[in-house]
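Undergrad: Pasting in a structure now, in structure tokens, and then I'll have a few things to ask.
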Amino acid sequence: MKNPEEILELIKSNFPDFEVTFDSSMPVEPIISIDPVKIHLVAQFLKTNEELLFDSLMSLSGVDDANGTKTKEEDGTETITGGTLSVYYHLHSTSLKHKITLRTSSNRENPEIESVENIWKTADWHEREAFDMFGIIFLNHPDLRRILMPYDWEDTYPLRKDYKNPEFYHGMKVPY
Amino acid sequence: MYEFLTNLIGNEVLAWIIIAALPLFVVILPYALVAIWLERKVSAHMQDRLGPMITGWHGWLQSFADVLKLLQKEDLVPAEADKKLFNIAPALVFTASYAAFAVIPFSSGFIGSGAEIGIFFILAVSSFAVAGILMGGWASNNKYSLIGAMRAVAQIISYEIPTALVVLSMVMITGTLSLEKISAMQTGYFWNWFIFGGPEWGLTKFLLIPFMLVGFLILYMSTLAEVNRTPFDIPEAESELVGGYHTEYSGMKFAMFFLAEYANMFAVSAIVSIIFFGGYQSPVGYLGDLFGVSWLIPFEQLFWFVAKGLFFVFVQMWLRWTLPRLRVDQLMNLCWKYLIPYSIANLIIIGLISLI
Amino acid sequence: MALKTEEMILNMGPQHPSTHGVLRLELEIEGELIKNVKPHIGYLHRCFEKHAEAMTYPQVIPYTDRMDYLASMYNNFGYVVAVEKLLGIEVPERVQYIRVIMGELQRIASHQVAIGTYGLDLGAFTPFLYLFRDREKILTLFEETCGARLLYNYMWVGGLSHDIHPDFIRKTKEFVQYFRPNIQEVNNLLTFNKIFIERTANVGILPLDAAINFGMTGPNLRASGLAFDIRKEDPYSIYDRFDFDIPVGKGTVGTVGDCWDRYYVRVLEMEQSLRIIEQALDQIPEGDVQSAIPKRIKPPKGSVYTRVENPRGELGYFIISDGSTSPFRVKVRAPSFVSLSVMGELCKGHLVSDVVAILGSIDIVLGEVDR
């Protein structure tokens, strides 16, 4: 059983040239931030390291940080440009009983994050959901399709903070 | 019966029509309505429910109401279906189960046809239903129907083998294929039934009893499978195949499949009771004999026959509401690895005993 | 020479008697043999996560009811635990006890549906109605307490919507007495039925390492042989005060992790829940259930991931607060969503009939899969 600080030290010592930051300013849980194109390497390490053995991915959540520049449109809605989309990984070890939260952020215009699907199978559907809801592209995911929304939904991502309902869906008027 | 009607009406053709339609209206339809109501009440009471209670006393008119509803329903034919076959199939299935009633002796006074090869006729005609089922499943142009029909055909044809083998062993003992003669042999009291070794006293009677029991169990199980009832209802397994071969049928065509199922249930129960349980023979003697009124006897026989038949129908319902369903490969296993070898062994042993 | 057969695509659902809701399974079959299974979900997607961003914290609670509608109490429970952790408030003892009692009653009710419908999937109709008869008694208890039978909105942040009524403890004790022998009845009727065992033993085997890798939790993980229960592992509320066992799959009639084990773990869990309820009923203190409800719920900036042991497994709420009165992001880690993803893996090489058996054994609720 290790606390988050010890886990951070282990990651830092094994990946000395990676940009790993620790955010304990939030009141409840500390979060380790990792570069989006290196997340799978760190994940593989976390799963296989003898002292960590994070064999279970509890949850994988996409988040729209909404930290870009907001421009008001004429109809009162907002459009966000710039800023980041993040993915949070909540890991747990069934044998060593410790938990950790990872975060990785990618830019909003071209959100590309390495998939961890081949490390934890749980990530398969969760990554599809994050793709579906936020448009985050998971590189090397074998089957990145929409999952909750219809397969023919146009390129809008409903959980983004600046999401607008489409006018029409298959010729049916949407806002009523 | 036929002579009686010919004399009464004076026209042979009309008499034939009446005699052919009589079992349908006198026996099968009322029986099916009662059986469907019974099934609902039996299942309801087994499951701590009441079942239908509104239409009539304890809902006894429910089946009539249902038939009326089904008659008024729109007759849907899927656009992609093969219409001719789709329409013929339910009639064929119903005909097969209806035809079986022709040779069943309901009592010594009411037999549609006293054909010498009665039991052979039943086996032959009931396998005719397979053609109807396959036709319906194929013509529906629905994948569930097709899978259901394929399962049904595989199942019914397989289970005919143990049925025929058990029947064959009984034919060896009785020396006749006529259901009427088999029934007549078991006259007297219940110890003369074939399940208790038959009417002849002696060593063979007691040697036969265990093998008769085995034969009865095999026959009952395989006939249960032939009428597609739980635990062998895989052709219409509603949790897997929605409705099986009759998924696409609606209205009266669906009702015909339904009626055929219930008619079949009674037909196989009747065969079991004729072969092993004395058919229309009373287990305890007749009131007609006691009071010297001979015309009462056929009616008493009818009562006993229907009572025995309904009892086995009740057991079928009982099993249905208690057991889960087998899987298709396990069903085939049961037939080919257990029932058929056992019934062959049973056939040989009964043959040897009857030589003594 | 092998006969060449053509593969067929069979669409099971979205309207099908045994997909437990609106699920579409695309089966690639050869004869009756499964080559591949692709689940298609989303038919019940009601945008819970998007709605939650527009609601204040207490307004989200009724939406949580509607996710896993067979275990609404527990969905409330998970959410309020998460928000309370974010707020950092202490909840009165009495509230904690009532929550545990309600949660465990809900677990029994949920398992009753799971077991009953599993029998139904395999063609046994009667156990289903027996279990629904008993579930009715639990729903009556809920109805008497909070007025609702399915969607309760009972647990509030810091408290409860109503206190229990004076008869509740007596009636619940009566229910525990009544229901305990009925578990045996289910065992006699279904669990140890020869045909039932034939249908479920050695079918859909999920080895432990695969179960963990796929993120299976709850009864599905325990059936694969790991005694992992969040109530013991990572205790929330007051679960550390009660004495109960964690049933695990032992492969009694087949292999560890088969459908029968997944089913039987649920049967055994009902017994354990009864034990917890009995202990909680004896210890429940007096008090006010609404004293700790904050007037204005405005958590500080931050994020929290809490998990509770829902009847179907680990129900996780990941809540990010931006310091306003409504959550910035609510992500639900739904146990059914994760369990369903293993379907394709489990079904390979089985028959069409087994798909139904496997789907029933992982016990999903589509309301929660799609949220």
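Chain lettering (A, B, ...) mirrors the order of the structure tokens, residue numbering begins at 1 for each chain separately, and ligand numbering begins at 1 in order of display.
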Select residues of chain B: the criterion is any atom within 8 Å of an atom of chain C, counting only C-alpha atoms; output as a PDB file with N, CA, C and O atoms, in the first residue's frame.
TA:
ATOM      1  N   MET B  46     -49.983 -22.263  -9.152  1.00  0.00           N
ATOM      2  CA  MET B  46     -48.634 -22.696  -8.776  1.00  0.00           C
ATOM      3  C   MET B  46     -47.758 -21.509  -8.420  1.00  0.00           C
ATOM      4  O   MET B  46     -46.774 -21.648  -7.712  1.00  0.00           O
ATOM      5  N   GLN B  47     -48.089 -20.343  -8.956  1.00  0.00           N
ATOM      6  CA  GLN B  47     -47.232 -19.174  -8.763  1.00  0.00           C
ATOM      7  C   GLN B  47     -47.834 -18.147  -7.827  1.00  0.00           C
ATOM      8  O   GLN B  47     -47.489 -16.972  -7.910  1.00  0.00           O
ATOM      9  N   ASP B  48     -48.753 -18.579  -6.970  1.00  0.00           N
ATOM     10  CA  ASP B  48     -49.342 -17.647  -6.014  1.00  0.00           C
ATOM     11  C   ASP B  48     -50.115 -16.526  -6.699  1.00  0.00           C
ATOM     12  O   ASP B  48     -50.095 -15.389  -6.231  1.00  0.00           O
ATOM     13  N   LYS B 143     -35.365 -14.982 -39.402  1.00  0.00           N
ATOM     14  CA  LYS B 143     -34.275 -15.847 -38.938  1.00  0.00           C
ATOM     15  C   LYS B 143     -34.677 -16.638 -37.693  1.00  0.00           C
ATOM     16  O   LYS B 143     -34.313 -17.789 -37.542  1.00  0.00           O
ATOM     17  N   THR B 230     -42.198 -27.639 -22.418  1.00  0.00           N
ATOM     18  CA  THR B 230     -41.094 -27.526 -21.480  1.00  0.00           C
ATOM     19  C   THR B 230     -40.921 -28.856 -20.760  1.00  0.00           C
ATOM     20  O   THR B 230     -41.934 -29.461 -20.434  1.00  0.00           O
ATOM     21  N   PRO B 231     -39.767 -29.343 -20.473  1.00  0.00           N
ATOM     22  CA  PRO B 231     -38.453 -28.729 -20.684  1.00  0.00           C
ATOM     23  C   PRO B 231     -37.898 -28.924 -22.098  1.00  0.00           C
ATOM     24  O   PRO B 231     -36.716 -28.670 -22.302  1.00  0.00           O
ATOM     25  N   ALA B 237     -38.606 -21.499 -27.834  1.00  0.00           N
ATOM     26  CA  ALA B 237     -38.039 -20.894 -26.636  1.00  0.00           C
ATOM     27  C   ALA B 237     -38.169 -19.385 -26.693  1.00  0.00           C
ATOM     28  O   ALA B 237     -37.449 -18.721 -27.411  1.00  0.00           O
ATOM     29  N   GLU B 238     -39.125 -18.840 -25.926  1.00  0.00           N
ATOM     30  CA  GLU B 238     -39.438 -17.429 -26.135  1.00  0.00           C
ATOM     31  C   GLU B 238     -38.311 -16.517 -25.678  1.00  0.00           C
ATOM     32  O   GLU B 238     -38.201 -15.417 -26.184  1.00  0.00           O
ATOM     33  N   SER B 239     -37.457 -16.984 -24.747  1.00  0.00           N
ATOM     34  CA  SER B 239     -36.398 -16.075 -24.319  1.00  0.00           C
ATOM     35  C   SER B 239     -35.234 -16.066 -25.296  1.00  0.00           C
ATOM     36  O   SER B 239     -34.378 -15.215 -25.222  1.00  0.00           O
ATOM     37  N   GLU B 240     -35.198 -17.030 -26.219  1.00  0.00           N
ATOM     38  CA  GLU B 240     -34.115 -17.015 -27.194  1.00  0.00           C
ATOM     39  C   GLU B 240     -34.630 -16.636 -28.574  1.00  0.00           C
ATOM     40  O   GLU B 240     -34.086 -15.790 -29.246  1.00  0.00           O
ATOM     41  N   VAL B 242     -37.786 -15.623 -29.517  1.00  0.00           N
ATOM     42  CA  VAL B 242     -39.021 -14.840 -29.530  1.00  0.00           C
ATOM     43  C   VAL B 242     -40.232 -15.778 -29.587  1.00  0.00           C
ATOM     44  O   VAL B 242     -40.825 -16.068 -28.575  1.00  0.00           O
ATOM     45  N   ARG B 320     -44.133 -28.014 -17.066  1.00  0.00           N
ATOM     46  CA  ARG B 320     -43.805 -26.777 -17.748  1.00  0.00           C
ATOM     47  C   ARG B 320     -43.563 -25.637 -16.775  1.00  0.00           C
ATOM     48  O   ARG B 320     -42.677 -24.819 -16.962  1.00  0.00           O
ATOM     49  N   TRP B 321     -44.388 -25.575 -15.733  1.00  0.00           N
ATOM     50  CA  TRP B 321     -44.260 -24.440 -14.817  1.00  0.00           C
ATOM     51  C   TRP B 321     -43.259 -24.703 -13.712  1.00  0.00           C
ATOM     52  O   TRP B 321     -43.172 -23.936 -12.769  1.00  0.00           O
ATOM     53  N   THR B 322     -42.561 -25.812 -13.773  1.00  0.00           N
ATOM     54  CA  THR B 322     -41.564 -26.091 -12.744  1.00  0.00           C
ATOM     55  C   THR B 322     -40.155 -26.068 -13.302  1.00  0.00           C
ATOM     56  O   THR B 322     -39.239 -25.564 -12.666  1.00  0.00           O
ATOM     57  N   LEU B 323     -39.967 -26.605 -14.492  1.00  0.00           N
ATOM     58  CA  LEU B 323     -38.602 -26.855 -14.960  1.00  0.00           C
ATOM     59  C   LEU B 323     -38.108 -25.773 -15.902  1.00  0.00           C
ATOM     60  O   LEU B 323     -38.888 -25.202 -16.657  1.00  0.00           O
ATOM     61  N   PRO B 324     -36.800 -25.518 -15.878  1.00  0.00           N
ATOM     62  CA  PRO B 324     -36.214 -24.691 -16.937  1.00  0.00           C
ATOM     63  C   PRO B 324     -36.096 -25.516 -18.216  1.00  0.00           C
ATOM     64  O   PRO B 324     -36.463 -26.692 -18.243  1.00  0.00           O
ATOM     65  N   ARG B 325     -35.571 -24.887 -19.239  1.00  0.00           N
ATOM     66  CA  ARG B 325     -35.545 -25.531 -20.544  1.00  0.00           C
ATOM     67  C   ARG B 325     -34.138 -26.037 -20.843  1.00  0.00           C
ATOM     68  O   ARG B 325     -33.151 -25.461 -20.412  1.00  0.00           O
ATOM     69  N   LEU B 326     -34.079 -27.151 -21.573  1.00  0.00           N
ATOM     70  CA  LEU B 326     -32.776 -27.696 -21.957  1.00  0.00           C
ATOM     71  C   LEU B 326     -32.208 -26.904 -23.124  1.00  0.00           C
ATOM     72  O   LEU B 326     -32.921 -26.176 -23.799  1.00  0.00           O
ATOM     73  N   ARG B 327     -30.914 -27.117 -23.363  1.00  0.00           N
ATOM     74  CA  ARG B 327     -30.292 -26.482 -24.516  1.00  0.00           C
ATOM     75  C   ARG B 327     -30.381 -27.469 -25.666  1.00  0.00           C
ATOM     76  O   ARG B 327     -30.528 -28.669 -25.467  1.00  0.00           O
ATOM     77  N   VAL B 328     -30.228 -26.988 -26.887  1.00  0.00           N
ATOM     78  CA  VAL B 328     -30.507 -27.842 -28.041  1.00  0.00           C
ATOM     79  C   VAL B 328     -29.575 -29.047 -28.098  1.00  0.00           C
ATOM     80  O   VAL B 328     -29.996 -30.175 -28.384  1.00  0.00           O
TER      81      VAL B 328
END
Undergrad: Would you kindly return, as a list of chain:residue names, each protein, DNA or RNA residue with an atom no farther than 10 Å from any atom of Thr95 in chain B, considering only C-alpha atoms and excluding same-chain residues fewer than 5 positions away?
TA: B:Ala89, B:Pro90, B:Ala100, B:Val125, B:Ser126, B:Phe128, B:Ala129, B:Gly132, B:Met256, B:Ala260
Undergrad: When DSSP works through the backbone of this structure, what residues of range 206-246 of chain B end up as alpha helix (DSSP H), shown as a list in words?
TA: Phe206, Leu207, Leu208, Ile209, Pro210, Phe211, Met212, Leu213, Val214, Gly215, Phe216, Leu217, Ile218, Leu219, Tyr220, Met221, Ser222, Thr223, Leu224, Ala225, Glu226, Glu238, Ser239, Glu240 and Leu241 of chain B
Undergrad: Using DSSP on the backbone coordinates, identify all residues within range 60-127 of chain B classified as strand (DSSP E); present the result as a list in words.
TA: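 Secondary structure check on range 60-127 of chain B, strand (DSSP E): Pro105, Phe106, Ser107, Phe110 and Ile111 of chain B.
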Undergrad: Give me, please, the distance in Å between CA of Asn192 in chain B and CA of Ile173 in chain B, quoted to one decimal.
TA: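 CA of Asn192 in chain B sits 13.5 Å away from CA of Ile173 in chain B.
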Undergrad: Would you mind listing what lies within 6 Å of range 128-133 of chain A as a list in words, with only C-alpha atoms counted and same-chain residues fewer than 6 positions away left out?
TA: Gly62, Leu144, Arg146, Ile147, Tyr157, Pro158 and Leu159 of chain A
Undergrad: May I have the residues within 6 Å of Ala109 in chain C as a list in words, using only C-alpha atoms and disregarding those fewer than 3 positions away in the same chain?
TA: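 Neighbouring residues, sequence-local ones excluded: Gln106, Gln112 and Arg135 of chain C.
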Undergrad: Would you compute the distance between CA of Ile54 in chain B and CA of Lys41 in chain B? Give it in Å to one decimal.
TA: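 Distance between the two atoms: 12.7 Å.
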